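Okay, run21.csv is below, CSV, C-alpha atoms and all ligand atoms:
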```
chain,number,residue,atom,x,y,z
I,6,MET,CA,-19.4,7.9,-29.9
I,7,GLY,CA,-23.1,8.2,-29.4
I,8,LEU,CA,-24.9,11.4,-30.3
I,9,THR,CA,-26.1,12.0,-26.7
I,10,GLN,CA,-23.5,12.5,-24.1
I,11,ALA,CA,-24.1,10.5,-21.0
I,12,LEU,CA,-23.4,12.0,-17.6
I,13,PRO,CA,-19.7,13.0,-17.2
I,14,SER,CA,-17.7,10.0,-16.0
I,15,VAL,CA,-16.9,9.4,-12.4
I,16,PRO,CA,-13.1,9.1,-12.3
I,17,PHE,CA,-11.4,6.3,-10.4
I,18,VAL,CA,-8.9,8.8,-9.0
I,19,ASP,CA,-8.5,12.5,-9.8
I,20,LEU,CA,-5.3,13.9,-8.5
I,21,SER,CA,-5.8,17.3,-10.1
I,22,ARG,CA,-8.6,18.0,-7.6
I,23,GLN,CA,-6.1,17.4,-4.8
I,24,HIS,CA,-3.3,19.5,-6.3
I,25,ALA,CA,-5.3,22.4,-7.5
I,26,PRO,CA,-5.9,24.0,-4.1
I,27,LEU,CA,-2.3,23.3,-3.1
I,28,ALA,CA,-0.8,24.6,-6.3
I,29,ASP,CA,0.8,27.8,-4.9
I,30,GLU,CA,2.3,26.0,-1.9
I,31,ILE,CA,3.7,23.2,-4.1
I,32,ASP,CA,5.1,25.7,-6.6
I,33,ALA,CA,6.8,27.5,-3.7
I,34,ALA,CA,8.2,24.3,-2.3
I,35,LEU,CA,9.6,23.3,-5.7
I,36,ARG,CA,11.0,26.8,-6.3
I,37,GLY,CA,12.7,26.7,-2.8
I,38,VAL,CA,14.6,23.5,-3.8
I,39,ILE,CA,15.5,25.0,-7.2
I,40,GLU,CA,16.8,28.2,-5.7
I,41,LYS,CA,19.0,26.3,-3.3
I,42,SER,CA,20.1,23.9,-6.0
I,43,ALA,CA,20.0,21.3,-3.2
I,44,PHE,CA,18.6,18.5,-5.3
I,45,ILE,CA,20.3,15.5,-3.8
I,46,ASN,CA,19.9,14.9,0.0
I,47,GLY,CA,18.7,18.4,0.4
I,48,PRO,CA,17.4,19.6,3.8
I,49,GLU,CA,13.8,18.8,2.8
I,50,VAL,CA,14.6,15.1,2.9
I,51,GLU,CA,15.6,15.1,6.5
I,52,LEU,CA,12.7,17.4,7.5
I,53,PHE,CA,10.2,15.1,5.8
I,54,GLU,CA,11.8,12.1,7.4
I,55,SER,CA,11.3,13.5,10.9
I,56,GLU,CA,7.7,14.6,10.1
I,57,TRP,CA,6.9,11.2,8.6
I,58,ALA,CA,8.4,9.3,11.6
I,59,GLU,CA,6.3,11.5,13.9
I,60,PHE,CA,3.1,10.9,11.9
I,61,CYS,CA,3.7,7.1,12.0
I,62,GLU,CA,4.5,7.2,15.7
I,63,ALA,CA,7.9,5.6,14.9
I,64,GLU,CA,11.3,6.7,15.9
I,65,PHE,CA,13.0,6.8,12.5
I,66,ALA,CA,12.0,7.3,8.9
I,67,VAL,CA,14.4,6.8,6.0
I,68,GLY,CA,13.4,8.2,2.6
I,69,VAL,CA,13.9,6.0,-0.3
I,70,GLY,CA,13.3,6.0,-4.1
I,71,SER,CA,10.0,4.0,-4.0
I,72,GLY,CA,8.0,1.5,-1.9
I,73,THR,CA,9.6,-1.3,-3.9
I,74,ALA,CA,13.1,0.0,-3.0
I,75,GLY,CA,12.1,0.3,0.6
I,76,LEU,CA,11.0,-3.4,0.8
I,77,PHE,CA,14.2,-4.6,-1.0
I,78,LEU,CA,16.6,-2.5,1.1
I,79,THR,CA,14.9,-3.3,4.4
I,80,LEU,CA,15.0,-7.1,3.8
I,81,GLN,CA,18.6,-6.9,2.7
I,82,ALA,CA,19.5,-4.7,5.7
I,83,LEU,CA,17.9,-7.4,7.9
I,84,GLY,CA,20.3,-9.9,6.4
I,85,ILE,CA,17.8,-11.8,4.2
I,86,GLY,CA,19.2,-13.6,1.2
I,87,PRO,CA,19.8,-17.0,-0.4
I,88,GLY,CA,18.7,-19.9,1.7
I,89,ASP,CA,16.1,-17.8,3.6
I,90,GLU,CA,12.4,-18.1,3.3
I,91,VAL,CA,10.1,-15.1,3.3
I,92,ILE,CA,6.3,-15.4,3.7
I,93,VAL,CA,4.1,-13.2,1.6
I,94,PRO,CA,0.3,-13.2,1.0
I,95,ALA,CA,-0.7,-14.5,-2.5
I,96,ASN,CA,-3.0,-11.5,-3.1
I,97,THR,CA,-0.8,-8.4,-3.2
I,98,PHE,CA,0.8,-6.1,-5.6
I,99,ILE,CA,3.8,-7.9,-7.1
I,100,ALA,CA,6.3,-5.5,-5.6
I,101,THR,CA,6.0,-7.2,-2.2
I,102,ALA,CA,7.2,-10.4,-3.7
I,103,LEU,CA,9.8,-9.1,-6.1
I,104,ALA,CA,11.8,-7.7,-3.2
I,105,VAL,CA,12.2,-11.3,-1.9
I,106,VAL,CA,13.0,-12.7,-5.4
I,107,HIS,CA,15.6,-10.1,-6.1
I,108,LEU,CA,17.5,-11.0,-2.9
I,109,GLY,CA,17.6,-14.6,-3.9
I,110,ALA,CA,15.5,-15.7,-1.0
I,111,LYS,CA,12.7,-18.2,-1.3
I,112,LEU,CA,9.3,-16.6,-1.8
I,113,VAL,CA,6.7,-18.6,0.3
I,114,LEU,CA,3.1,-17.6,-0.6
I,115,VAL,CA,0.2,-18.0,1.8
I,116,ASP,CA,-3.6,-17.5,1.4
I,117,CYS,CA,-5.5,-14.5,2.6
I,118,ASP,CA,-8.3,-14.3,5.2
I,119,GLN,CA,-11.5,-14.9,3.3
I,120,GLU,CA,-13.3,-11.9,4.9
I,121,ALA,CA,-10.5,-9.3,5.6
I,122,GLY,CA,-8.4,-10.1,2.5
I,123,THR,CA,-5.2,-9.7,4.5
I,124,ILE,CA,-2.7,-12.4,5.2
I,125,GLU,CA,-4.2,-15.4,7.0
I,126,VAL,CA,-2.6,-16.0,10.4
I,127,ASP,CA,-3.1,-19.8,10.5
I,128,ALA,CA,-1.8,-20.2,7.0
I,129,THR,CA,1.3,-18.2,8.0
I,130,ALA,CA,1.9,-20.4,11.0
I,131,ARG,CA,1.6,-23.5,8.8
I,132,ALA,CA,4.0,-22.1,6.2
I,133,GLN,CA,6.7,-21.4,8.8
I,134,THR,CA,9.8,-23.6,8.6
I,135,LYS,CA,13.3,-23.5,10.1
I,136,GLN,CA,14.4,-21.4,7.1
I,137,THR,CA,11.7,-18.7,7.6
I,138,ARG,CA,13.4,-15.4,8.3
I,139,ALA,CA,10.7,-12.9,7.5
I,140,ILE,CA,6.9,-12.4,7.2
I,141,ILE,CA,5.6,-9.5,5.1
I,142,PRO,CA,2.0,-8.7,6.1
I,143,VAL,CA,0.4,-6.3,3.6
I,144,HIS,CA,-2.0,-3.7,4.9
I,145,LEU,CA,-4.1,-4.3,1.8
I,146,TYR,CA,-6.5,-1.6,0.6
I,147,GLY,CA,-5.7,0.5,3.6
I,148,GLN,CA,-6.7,-2.0,6.3
I,149,ALA,CA,-4.1,-3.3,8.8
I,150,ALA,CA,-3.3,-7.0,8.7
I,151,ASP,CA,-3.8,-8.8,12.0
I,152,LEU,CA,-0.3,-8.0,13.3
I,153,GLU,CA,-0.5,-9.2,16.9
I,154,PRO,CA,-0.5,-12.9,16.3
I,155,LEU,CA,2.1,-12.5,13.5
I,156,VAL,CA,4.4,-10.6,15.7
I,157,ALA,CA,3.9,-13.3,18.4
I,158,LEU,CA,4.7,-16.1,15.8
I,159,ALA,CA,7.8,-14.3,14.7
I,160,ALA,CA,9.1,-13.3,18.1
I,161,SER,CA,9.7,-16.9,19.3
I,162,GLU,CA,11.7,-17.9,16.2
I,163,ASN,CA,14.0,-15.0,15.3
I,164,ILE,CA,11.8,-14.0,12.4
I,165,VAL,CA,11.3,-10.4,11.4
I,166,VAL,CA,8.0,-8.8,10.5
I,167,VAL,CA,8.3,-6.2,7.8
I,168,GLU,CA,5.0,-4.4,7.2
I,169,ASP,CA,4.1,-3.6,3.6
I,170,ALA,CA,2.3,-0.4,4.5
I,171,CYS,CA,2.3,1.0,0.9
I,172,GLN,CA,-1.5,1.2,0.9
I,173,ALA,CA,-2.0,2.2,4.5
I,174,HIS,CA,-0.6,5.6,5.3
I,175,GLY,CA,-2.1,6.5,8.7
I,176,ALA,CA,-4.0,3.3,9.2
I,177,ARG,CA,-4.1,2.0,12.8
I,178,TYR,CA,-3.9,-1.4,14.3
I,179,ARG,CA,-5.3,-1.7,17.8
I,180,GLY,CA,-4.8,2.1,18.2
I,181,ARG,CA,-1.2,2.2,16.9
I,182,ARG,CA,-0.2,3.6,13.5
I,183,VAL,CA,1.0,0.9,11.1
I,184,GLY,CA,4.6,0.8,10.0
I,185,GLY,CA,6.3,0.9,13.3
I,186,ILE,CA,4.7,-2.2,14.8
I,187,GLY,CA,7.0,-4.8,13.1
I,188,GLN,CA,10.8,-4.4,12.8
I,189,ALA,CA,10.1,-2.0,9.9
I,190,GLY,CA,7.3,-0.7,7.7
I,191,CYS,CA,7.6,0.3,4.1
I,192,PHE,CA,5.6,3.1,2.5
I,193,SER,CA,5.2,4.1,-1.1
I,194,PHE,CA,4.4,7.7,-2.1
I,195,TYR,CA,3.4,6.7,-5.7
I,196,PRO,CA,1.1,9.5,-6.8
I,197,SER,CA,-2.2,7.8,-6.3
I,198,LYS,CA,-1.4,6.4,-2.8
I,199,ASN,CA,-3.1,8.1,0.2
I,200,LEU,CA,0.0,10.3,0.5
I,201,GLY,CA,1.4,10.7,-3.0
I,202,ALA,CA,4.4,12.5,-4.4
I,203,LEU,CA,4.6,13.9,-8.0
I,204,GLY,CA,6.5,10.8,-9.1
I,205,ASP,CA,8.2,7.9,-7.4
I,206,ALA,CA,9.1,8.1,-3.7
I,207,GLY,CA,9.0,5.9,-0.6
I,208,ALA,CA,10.1,5.6,3.0
I,209,VAL,CA,10.8,3.0,5.6
I,210,VAL,CA,9.9,3.6,9.3
I,211,THR,CA,11.4,1.7,12.2
I,212,ASN,CA,12.2,1.9,15.9
I,213,ASP,CA,15.6,0.2,15.3
I,214,GLY,CA,18.3,2.9,15.1
I,215,ASN,CA,20.8,0.4,13.7
I,216,LEU,CA,18.5,-0.6,10.9
I,217,ALA,CA,17.8,3.1,10.1
I,218,LYS,CA,21.5,3.7,9.9
I,219,ARG,CA,22.1,0.7,7.6
I,220,LEU,CA,19.2,1.9,5.4
I,221,LYS,CA,20.7,5.4,5.1
I,222,LEU,CA,23.9,3.9,3.9
I,223,ALA,CA,22.3,1.4,1.6
I,224,ARG,CA,20.1,3.9,-0.2
I,225,ASP,CA,23.1,6.3,-0.9
I,226,LEU,CA,25.8,4.0,-2.4
I,227,GLY,CA,27.0,3.0,1.0
I,228,GLN,CA,28.5,6.5,1.6
I,229,ALA,CA,29.3,7.2,5.3
I,230,ARG,CA,31.1,10.4,4.2
I,231,LYS,CA,31.6,11.8,0.8
I,232,TYR,CA,33.6,9.2,-1.2
I,233,GLU,CA,33.9,6.9,1.8
I,234,HIS,CA,31.8,3.9,0.9
I,235,VAL,CA,31.5,1.4,3.7
I,236,MET,CA,29.2,-1.0,1.9
I,237,SER,CA,28.1,-1.7,-1.7
I,238,GLY,CA,24.9,0.3,-1.6
I,239,TYR,CA,22.4,1.5,-4.2
I,240,ASN,CA,21.2,4.7,-5.6
I,241,GLU,CA,17.7,4.6,-4.0
I,242,ARG,CA,17.5,8.0,-2.4
I,243,LEU,CA,14.3,10.0,-1.8
I,244,ASP,CA,14.4,12.8,-4.3
I,245,THR,CA,14.5,16.2,-2.6
I,246,LEU,CA,11.9,17.8,-4.9
I,247,GLN,CA,9.5,14.9,-3.9
I,248,ALA,CA,10.3,15.4,-0.2
I,249,ALA,CA,9.5,19.1,-0.5
I,250,VAL,CA,6.1,18.2,-2.1
I,251,LEU,CA,5.4,15.5,0.4
I,252,ARG,CA,6.0,18.1,3.2
I,253,VAL,CA,3.3,20.3,1.7
I,254,LYS,CA,0.8,17.4,1.5
I,255,LEU,CA,1.4,15.6,4.8
I,256,PRO,CA,-0.5,18.1,7.0
I,257,HIS,CA,-3.6,17.2,5.0
I,258,LEU,CA,-3.3,13.4,5.2
I,259,ASP,CA,-5.5,12.8,8.3
I,260,ARG,CA,-8.2,15.0,6.8
I,261,TRP,CA,-8.0,13.2,3.5
I,262,ASN,CA,-8.2,9.9,5.2
I,263,ALA,CA,-11.2,11.1,7.1
I,264,LEU,CA,-12.9,12.0,3.8
I,265,ARG,CA,-12.1,8.6,2.4
I,266,ARG,CA,-13.8,7.1,5.5
I,267,THR,CA,-16.9,9.2,5.0
I,268,HIS,CA,-17.1,8.0,1.4
I,269,ALA,CA,-16.7,4.4,2.5
I,270,VAL,CA,-19.6,4.8,4.9
I,271,ALA,CA,-21.7,6.3,2.1
I,272,TYR,CA,-20.9,3.4,-0.2
I,273,GLN,CA,-21.6,0.8,2.6
I,274,GLU,CA,-25.0,2.3,3.2
I,275,GLY,CA,-25.8,2.9,-0.4
I,276,LEU,CA,-24.8,-0.6,-1.5
I,277,ALA,CA,-26.2,-2.5,1.4
I,278,GLU,CA,-29.2,-3.8,-0.6
I,279,SER,CA,-27.5,-3.9,-4.0
I,280,GLY,CA,-26.5,-7.5,-4.1
I,281,VAL,CA,-22.8,-7.0,-4.1
I,282,LYS,CA,-20.6,-7.9,-1.2
I,283,THR,CA,-19.3,-4.7,0.5
I,284,PRO,CA,-16.1,-4.7,2.5
I,285,SER,CA,-16.4,-5.8,6.1
I,286,PRO,CA,-13.6,-4.0,7.9
I,287,ALA,CA,-11.9,-6.0,10.7
I,288,THR,CA,-12.5,-4.9,14.2
I,289,TRP,CA,-8.8,-4.7,15.0
I,290,GLY,CA,-8.0,-1.5,13.0
I,291,GLU,CA,-8.8,1.8,11.6
I,292,HIS,CA,-9.1,1.5,7.8
I,293,VAL,CA,-7.9,4.3,5.6
I,294,TRP,CA,-9.6,3.2,2.5
I,295,HIS,CA,-6.9,3.4,-0.1
I,296,LEU,CA,-9.2,1.3,-2.2
I,297,TYR,CA,-12.9,0.5,-1.8
I,298,VAL,CA,-13.2,-3.0,-3.1
I,299,ILE,CA,-16.5,-4.8,-3.5
I,300,ARG,CA,-17.1,-8.4,-4.6
I,301,SER,CA,-19.5,-10.0,-7.0
I,302,SER,CA,-19.6,-13.4,-8.7
I,303,SER,CA,-20.6,-11.5,-11.9
I,304,ARG,CA,-17.7,-9.1,-11.6
I,305,ASP,CA,-16.8,-8.9,-15.2
I,306,GLY,CA,-20.4,-8.0,-16.3
I,307,LEU,CA,-20.6,-5.5,-13.4
I,308,ALA,CA,-17.3,-3.9,-14.5
I,309,ASP,CA,-18.5,-3.6,-18.1
I,310,GLY,CA,-21.9,-2.2,-17.1
I,311,LEU,CA,-20.2,0.4,-14.9
I,312,GLY,CA,-17.9,1.3,-17.7
I,313,GLY,CA,-21.0,1.9,-19.8
I,314,SER,CA,-22.4,4.2,-17.2
I,315,GLY,CA,-19.2,6.2,-17.1
I,316,VAL,CA,-17.9,4.9,-13.8
I,317,GLN,CA,-14.2,4.1,-13.9
I,318,VAL,CA,-13.3,1.0,-11.9
I,319,GLY,CA,-10.1,-0.9,-11.1
I,320,PHE,CA,-9.0,-4.4,-10.2
I,321,HIS,CA,-6.7,-4.9,-7.2
I,322,TYR,CA,-5.6,-7.4,-8.2
I,323,PRO,CA,-6.9,-9.6,-11.0
I,324,THR,CA,-4.1,-12.1,-10.9
I,325,PRO,CA,-2.9,-13.7,-7.7
I,326,LEU,CA,0.9,-13.9,-7.5
I,327,HIS,CA,1.1,-17.7,-8.1
I,328,PHE,CA,-0.5,-17.1,-11.5
I,329,GLN,CA,1.9,-14.4,-12.6
I,330,PRO,CA,4.2,-15.5,-15.4
I,331,ALA,CA,7.1,-13.8,-13.7
I,332,LEU,CA,6.7,-16.1,-10.6
I,333,ARG,CA,5.8,-19.3,-12.4
I,334,GLY,CA,9.0,-20.9,-11.3
I,335,LEU,CA,7.7,-21.2,-7.7
I,336,GLY,CA,5.7,-24.3,-8.7
I,337,TYR,CA,2.4,-23.3,-7.2
I,338,ARG,CA,-0.8,-24.5,-8.8
I,339,ALA,CA,-4.4,-23.4,-9.2
I,340,GLY,CA,-6.3,-24.2,-6.0
I,341,ASP,CA,-3.3,-23.6,-3.7
I,342,PHE,CA,-4.8,-20.4,-2.3
I,343,PRO,CA,-8.6,-20.6,-2.7
I,344,HIS,CA,-9.4,-17.4,-0.9
I,345,ALA,CA,-7.0,-15.3,-2.9
I,346,GLU,CA,-8.2,-16.9,-6.1
I,347,ALA,CA,-11.8,-16.2,-5.2
I,348,TRP,CA,-11.0,-12.6,-4.4
I,349,SER,CA,-9.2,-12.2,-7.7
I,350,ARG,CA,-12.2,-13.4,-9.7
I,351,GLU,CA,-14.8,-11.3,-7.7
I,352,LEU,CA,-13.1,-8.1,-6.7
I,353,LEU,CA,-13.8,-4.7,-8.1
I,354,SER,CA,-12.5,-1.4,-7.0
I,355,LEU,CA,-14.9,1.6,-7.1
I,356,PRO,CA,-13.9,5.2,-7.4
I,357,MET,CA,-12.2,6.3,-4.1
I,358,PHE,CA,-10.3,9.5,-3.4
I,359,PRO,CA,-10.8,12.3,-0.8
I,360,GLU,CA,-12.2,14.8,-3.3
I,361,LEU,CA,-14.9,12.5,-4.6
I,362,GLU,CA,-18.2,14.3,-4.5
I,363,LYS,CA,-21.4,13.2,-2.8
I,364,ASP,CA,-23.3,13.1,-6.1
I,365,GLU,CA,-20.6,11.1,-7.7
I,366,ILE,CA,-20.9,8.5,-5.0
I,367,SER,CA,-24.7,8.5,-5.6
I,368,ARG,CA,-24.1,7.9,-9.3
I,369,VAL,CA,-21.8,5.0,-8.6
I,370,VAL,CA,-24.3,3.5,-6.1
I,371,GLU,CA,-27.2,3.9,-8.6
I,372,ALA,CA,-25.1,2.4,-11.4
I,373,VAL,CA,-24.1,-0.7,-9.3
I,374,SER,CA,-27.7,-1.1,-8.0
I,375,SER,CA,-29.2,-1.0,-11.6
I,376,LEU,CA,-27.0,-3.9,-12.7
I,377,PRO,CA,-27.6,-7.6,-12.1
I,378,THR,CA,-25.2,-8.8,-9.5
I,379,VAL,CA,-24.9,-12.0,-7.6
I,380,VAL,CA,-23.3,-12.4,-4.2
I,381,THR,CA,-21.2,-15.4,-3.7
I,382,ALA,CA,-20.7,-16.9,-0.3
I,383,VAL,CA,-17.1,-18.1,-0.4
I,384,ARG,CA,-16.4,-21.1,1.7
P,1,LIG,C1,2.3,0.6,-4.4
P,1,LIG,C2,2.7,-0.7,-3.7
P,1,LIG,C3,4.0,-1.1,-3.6
P,1,LIG,C4,5.1,-0.5,-4.4
P,1,LIG,O1,5.3,0.8,-4.3
P,1,LIG,P1,6.1,1.7,-5.4
P,1,LIG,O2,6.4,3.0,-4.7
P,1,LIG,O3,5.3,1.8,-6.6
P,1,LIG,O4,7.4,0.9,-5.7
P,1,LIG,C5,4.3,-2.2,-2.8
P,1,LIG,N1,3.3,-2.9,-2.2
P,1,LIG,C6,2.1,-2.5,-2.3
P,1,LIG,C7,1.0,-3.3,-1.5
P,1,LIG,C8,1.7,-1.4,-3.0
P,1,LIG,O5,0.4,-1.1,-3.1
```

Would you kindly transcribe this structure into structure tokens?
Amino acid sequence: MGLTQALPSVPFVDLSRQHAPLADEIDAALRGVIEKSAFINGPEVELFESEWAEFCEAEFAVGVGSGTAGLFLTLQALGIGPGDEVIVPANTFIATALAVVHLGAKLVLVDCDQEAGTIEVDATARAQTKQTRAIIPVHLYGQAADLEPLVALAASENIVVVEDACQAHGARYRGRRVGGIGQAGCFSFYPSKNLGALGDAGAVVTNDGNLAKRLKLARDLGQARKYEHVMSGYNERLDTLQAAVLRVKLPHLDRWNALRRTHAVAYQEGLAESGVKTPSPATWGEHVWHLYVIRSSSRDGLADGLGGSGVQVGFHYPTPLHFQPALRGLGYRAGDFPHAEAWSRELLSLPMFPELEKDEISRVVEAVSSLPTVVTAVR
């Protein structure tokens, strides 16, 4: 430690700032569940489900244990298994892919769009075969993937589109909330997501009543009635305490997303001349800025320099899926997904959360601007 203390650090995310003003309400919600002792499938679960469905402009929401569980249960409920192929972008959190792997289906990776970073439509069309049963577009960083052409591709071939909306609570695609545009949309309420629980939690939204019914069975050991198990389900319920907390937080989500948007604008303006490549949001959607991700060909030096200035940064994600040891068996090689690989080398996530202060953004902007950066034009 040096003798002089630099400016206090700018945190990447600070959840305590979000929870402090809600502390009394959250306490009361938790106490309410404890007093009723309705810990499993308590009334808060169903109440949250209907509120979440309404927020997403979808007919049904089914609470589950996590975003990962939601993806797995949804694909399984849609009948996907061995012999089926599922198309997933190479640049996503590994959970998107593991759901496919755990079902014994074949994971087919495709490249991302060089500008948007979301799944590339042409690459998806090229990857399609007679065995393709599902496409999982990921609304990466809070920006909707280009759903319309994907839904059109899928519609003609009996292929389902399952949206991975785990980073995109409240985002819109051509005016509509994401999640309910494909056959289903999976959300995570991991604490640092745009809507976060106090632990693991997730939900699936859909307009397909049959799918919602199957998901409710699958998450609860296949129980149609107590001790009547009509399928071999799982224990992947949404915890009642988490549902109660999510009900306290949901009314603030649109405001929090608006604050994130304000911060993104401040970054865009502040960093315009800095030499880093700032995000260029696609025209088809309304971004909710789960992450603010810049690119620089001297990313590692930039990250070190920012660390030295007390700015916490993140990498989402430093390793594309085809380079992950867990997925080595797929047989992909370096160079297979050049856009995803370039993103992984150049990306850097700056602090982004609703309660970020103006002067903190200024400090991040100053820190980035004072460091040598090189913009790479990726071709
Ligand atoms: C967070 C996340 C998940 C997994 O959600 P969990 O609730 O942590 O299981 C899946 N996909 C993406 C893109 C995510 O960001």

(request) Could you check how far atom CA of I:Val210 sits from atom CA of I:Ser197, in Å to one decimal? (result) 20.2 Å

(message) At a cut-off of 6 Å, using all atoms listed in the file, what residues contact I:Pro94? Leave out same-chain residues fewer than 4 positions from it and give the result as a ChimeraX atom specification.
(response) /I:114-116,124

(message) Residues near I:Gln247, anyone? I mean within 7 Å using all atoms listed in the file, not counting same-chain ones fewer than 6 positions away, as number ranges by chain.
(response) I: 202-203, 206

What's the 12 Å shell around I:Arg131, counting only C-alpha atoms, without same-chain residues fewer than 4 positions away, as an mmCIF file with C-alpha atoms, keeping the file's coordinate frame?
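out_6.cif, written as the output of this step:
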```cif
data_model
loop_
_atom_site.group_PDB
_atom_site.id
_atom_site.type_symbol
_atom_site.label_atom_id
_atom_site.label_comp_id
_atom_site.auth_asym_id
_atom_site.auth_seq_id
_atom_site.Cartn_x
_atom_site.Cartn_y
_atom_site.Cartn_z
ATOM 1 C CA ILE I 92 6.300 -15.400 3.700
ATOM 2 C CA VAL I 113 6.700 -18.600 0.300
ATOM 3 C CA LEU I 114 3.100 -17.600 -0.600
ATOM 4 C CA VAL I 115 0.200 -18.000 1.800
ATOM 5 C CA ASP I 116 -3.600 -17.500 1.400
ATOM 6 C CA GLU I 125 -4.200 -15.400 7.000
ATOM 7 C CA VAL I 126 -2.600 -16.000 10.400
ATOM 8 C CA ASP I 127 -3.100 -19.800 10.500
ATOM 9 C CA LYS I 135 13.300 -23.500 10.100
ATOM 10 C CA THR I 137 11.700 -18.700 7.600
ATOM 11 C CA LEU I 155 2.100 -12.500 13.500
ATOM 12 C CA LEU I 158 4.700 -16.100 15.800
#
```

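Distances here use all atoms listed in the file; by that measure, the residue among I:Gly334, I:Pro284, I:Gly190, I:Gly86 closest to ligand LIG 1 (chain P) is I:Gly190.
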
(request) Name each residue within 9 Å of ligand LIG 1 (chain P), counting all atoms listed in the file, as a PyMOL selection string. (result) chain I and resi 70-76+97-102+143-146+169-173+191-198+204-208

(request) Return the single residue from I:Thr245, I:Gln188, I:Asn262, I:Gln228 that is closest to I:Leu52, with distances computed using all atoms listed in the file. (result)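 When distances to I:Leu52 are compared using all atoms listed in the file, the smallest one comes from I:Thr245.
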
(request) Around the point (6.5, 2.1, 13.5), in the coordinates given by the file, pick out the residues reaching within 10 Å, counting only C-alpha atoms, and return them as a VMD selection string. (result) chain I and resid 58 to 66 168 181 to 191 209 to 213

Store the residues picked out above in a file with C-alpha atoms, as a tab-separated table (two decimals), in the coordinates of the input.
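As written to disk, again_39.tsv reads:
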```tsv
chain	number	residue	atom	x	y	z
I	58	ALA	CA	8.40	9.30	11.60
I	59	GLU	CA	6.30	11.50	13.90
I	60	PHE	CA	3.10	10.90	11.90
I	61	CYS	CA	3.70	7.10	12.00
I	62	GLU	CA	4.50	7.20	15.70
I	63	ALA	CA	7.90	5.60	14.90
I	64	GLU	CA	11.30	6.70	15.90
I	65	PHE	CA	13.00	6.80	12.50
I	66	ALA	CA	12.00	7.30	8.90
I	168	GLU	CA	5.00	-4.40	7.20
I	181	ARG	CA	-1.20	2.20	16.90
I	182	ARG	CA	-0.20	3.60	13.50
I	183	VAL	CA	1.00	0.90	11.10
I	184	GLY	CA	4.60	0.80	10.00
I	185	GLY	CA	6.30	0.90	13.30
I	186	ILE	CA	4.70	-2.20	14.80
I	187	GLY	CA	7.00	-4.80	13.10
I	188	GLN	CA	10.80	-4.40	12.80
I	189	ALA	CA	10.10	-2.00	9.90
I	190	GLY	CA	7.30	-0.70	7.70
I	191	CYS	CA	7.60	0.30	4.10
I	209	VAL	CA	10.80	3.00	5.60
I	210	VAL	CA	9.90	3.60	9.30
I	211	THR	CA	11.40	1.70	12.20
I	212	ASN	CA	12.20	1.90	15.90
I	213	ASP	CA	15.60	0.20	15.30
```

(message) Report, in Å to a single decimal, how far apart atom CA of I:Glu362 and atom CA of I:His295 are.
(response)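 Atom CA of I:His295 sits 16.3 Å away from atom CA of I:Glu362.
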
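Atom pair atom CA of I:Arg260 / atom CA of I:Val38: separated by 26.5 Å.
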
Taking 3 positions as the minimum chain separation for residues in the same chain, which residues sit within 12 Å of I:Ile366 when counting all atoms listed in the file? Answer as a PDB file with C-alpha atoms, in the coordinates of the input.
```pdb
ATOM      1  CA  SER I  14     -17.700  10.000 -16.000  1.00  0.00           C
ATOM      2  CA  VAL I  15     -16.900   9.400 -12.400  1.00  0.00           C
ATOM      3  CA  PRO I  16     -13.100   9.100 -12.300  1.00  0.00           C
ATOM      4  CA  PHE I  17     -11.400   6.300 -10.400  1.00  0.00           C
ATOM      5  CA  ARG I 265     -12.100   8.600   2.400  1.00  0.00           C
ATOM      6  CA  THR I 267     -16.900   9.200   5.000  1.00  0.00           C
ATOM      7  CA  HIS I 268     -17.100   8.000   1.400  1.00  0.00           C
ATOM      8  CA  ALA I 269     -16.700   4.400   2.500  1.00  0.00           C
ATOM      9  CA  VAL I 270     -19.600   4.800   4.900  1.00  0.00           C
ATOM     10  CA  ALA I 271     -21.700   6.300   2.100  1.00  0.00           C
ATOM     11  CA  TYR I 272     -20.900   3.400  -0.200  1.00  0.00           C
ATOM     12  CA  GLN I 273     -21.600   0.800   2.600  1.00  0.00           C
ATOM     13  CA  GLU I 274     -25.000   2.300   3.200  1.00  0.00           C
ATOM     14  CA  GLY I 275     -25.800   2.900  -0.400  1.00  0.00           C
ATOM     15  CA  LEU I 276     -24.800  -0.600  -1.500  1.00  0.00           C
ATOM     16  CA  TYR I 297     -12.900   0.500  -1.800  1.00  0.00           C
ATOM     17  CA  VAL I 316     -17.900   4.900 -13.800  1.00  0.00           C
ATOM     18  CA  GLN I 317     -14.200   4.100 -13.900  1.00  0.00           C
ATOM     19  CA  LEU I 355     -14.900   1.600  -7.100  1.00  0.00           C
ATOM     20  CA  PRO I 356     -13.900   5.200  -7.400  1.00  0.00           C
ATOM     21  CA  MET I 357     -12.200   6.300  -4.100  1.00  0.00           C
ATOM     22  CA  PHE I 358     -10.300   9.500  -3.400  1.00  0.00           C
ATOM     23  CA  PRO I 359     -10.800  12.300  -0.800  1.00  0.00           C
ATOM     24  CA  GLU I 360     -12.200  14.800  -3.300  1.00  0.00           C
ATOM     25  CA  LEU I 361     -14.900  12.500  -4.600  1.00  0.00           C
ATOM     26  CA  GLU I 362     -18.200  14.300  -4.500  1.00  0.00           C
ATOM     27  CA  LYS I 363     -21.400  13.200  -2.800  1.00  0.00           C
ATOM     28  CA  VAL I 369     -21.800   5.000  -8.600  1.00  0.00           C
ATOM     29  CA  VAL I 370     -24.300   3.500  -6.100  1.00  0.00           C
ATOM     30  CA  GLU I 371     -27.200   3.900  -8.600  1.00  0.00           C
ATOM     31  CA  ALA I 372     -25.100   2.400 -11.400  1.00  0.00           C
ATOM     32  CA  VAL I 373     -24.100  -0.700  -9.300  1.00  0.00           C
TER      33      VAL I 373
END
```
